[in-house]
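Trainee: Sending over a structure as structure tokens; questions will come in a sec.
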Amino acid sequence: MMPVLEKTFEIKALQIPKKHKIRCSNCGAYGKRIYHNQLTYTECNACDYLMITRTATGEVVEAYAPGIYPR
Ligand SMILES: [Zn+2]
């Protein structure tokens, strides 16, 4: 048995969202980044910026930013 691997599995099974303070790439205010269910949520309350990406690949799932128009 390898105790280290066991511990890693335990942490993954709990799936606690990790929160980080980040700078909004749209307006420069402080926003938050949440890692949850293999997705990364980047939010800014100052300008309504929202971006959801896959944590593993960085692929954008959903993105919204005031002033940036979708193609
Ligand atoms: Zn912002």
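Chain labels A, B, ... are given in the sequence in which chains occur in the structure tokens; within each chain residues are numbered consecutively from 1, and ligands are likewise numbered from 1 in the order shown.
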Per residue of chain A within 8 Å of ligand 1, record the nearest atom pair and its distance in Å to one decimal, counting only C-alpha atoms and all ligand atoms, with rows in chain order and ascending residue number, as CSV.

Mentor:
```
residue,atom,partner,partner_atom_place_in_ligand_line,distance
A:Arg23,CA,ligand 1,1 (Zn),7.8
A:Cys24,CA,ligand 1,1 (Zn),4.6
A:Ser25,CA,ligand 1,1 (Zn),6.7
A:Asn26,CA,ligand 1,1 (Zn),5.0
A:Cys27,CA,ligand 1,1 (Zn),4.1
A:Gly28,CA,ligand 1,1 (Zn),5.9
A:Ala29,CA,ligand 1,1 (Zn),5.4
A:Tyr30,CA,ligand 1,1 (Zn),7.3
A:Gly31,CA,ligand 1,1 (Zn),6.8
A:Glu43,CA,ligand 1,1 (Zn),7.7
A:Cys44,CA,ligand 1,1 (Zn),4.6
A:Asn45,CA,ligand 1,1 (Zn),6.5
A:Ala46,CA,ligand 1,1 (Zn),5.0
A:Cys47,CA,ligand 1,1 (Zn),4.2
A:Asp48,CA,ligand 1,1 (Zn),6.3
A:Tyr49,CA,ligand 1,1 (Zn),5.3
A:Ala65,CA,ligand 1,1 (Zn),7.9
```

Trainee: List the neighbours of region 37-40 of chain A out to 10 Å using only C-alpha atoms; skip same-chain residues closer than 6 positions along the sequence, and give me the result as a list in words.

Mentor: Lys12, Gln15, Ile16, Pro17, Lys18, Lys19, Met51, Ile52, Thr53, Arg54, Thr55, Ala56, Thr57, Gly58, Glu59, Val60 and Val61 of chain A

Trainee: Produce a file of the selected residues containing C-alpha atoms, as a JSON list (two decimals), in the first residue's frame.

Mentor:
```json
[["chain", "number", "residue", "atom", "x", "y", "z"],
["A", 12, "LYS", "CA", -10.13, 14.55, -4.64],
["A", 15, "GLN", "CA", -14.23, 18.08, -4.06],
["A", 16, "ILE", "CA", -13.88, 21.25, -2.03],
["A", 17, "PRO", "CA", -14.01, 24.30, -4.29],
["A", 18, "LYS", "CA", -10.76, 26.27, -4.15],
["A", 19, "LYS", "CA", -11.08, 30.03, -4.23],
["A", 51, "MET", "CA", -15.48, 33.07, -17.68],
["A", 52, "ILE", "CA", -15.81, 29.31, -17.27],
["A", 53, "THR", "CA", -12.97, 27.12, -18.55],
["A", 54, "ARG", "CA", -12.01, 23.47, -18.23],
["A", 55, "THR", "CA", -9.24, 23.33, -15.62],
["A", 56, "ALA", "CA", -7.34, 20.53, -17.38],
["A", 57, "THR", "CA", -7.37, 21.86, -20.95],
["A", 58, "GLY", "CA", -8.07, 25.57, -20.55],
["A", 59, "GLU", "CA", -10.89, 25.25, -23.09],
["A", 60, "VAL", "CA", -13.47, 28.02, -22.68],
["A", 61, "VAL", "CA", -16.91, 26.67, -21.80]]
```

Trainee: Neighbouring residues of Thr42 (chain A) were defined as those with any atom within 6 Å, considering only C-alpha atoms; residues of the same chain fewer than 2 positions away were excluded. Please report them as a PyMOL selection string.

Mentor: chain A and resi 32-33+50-51

Trainee: When DSSP works through the backbone of this structure, what residues of region 19-52 of chain A end up as strand (DSSP E or B), shown as a PyMOL selection string?

Mentor: chain A and resi 19-23+30-36+39-44+49-52
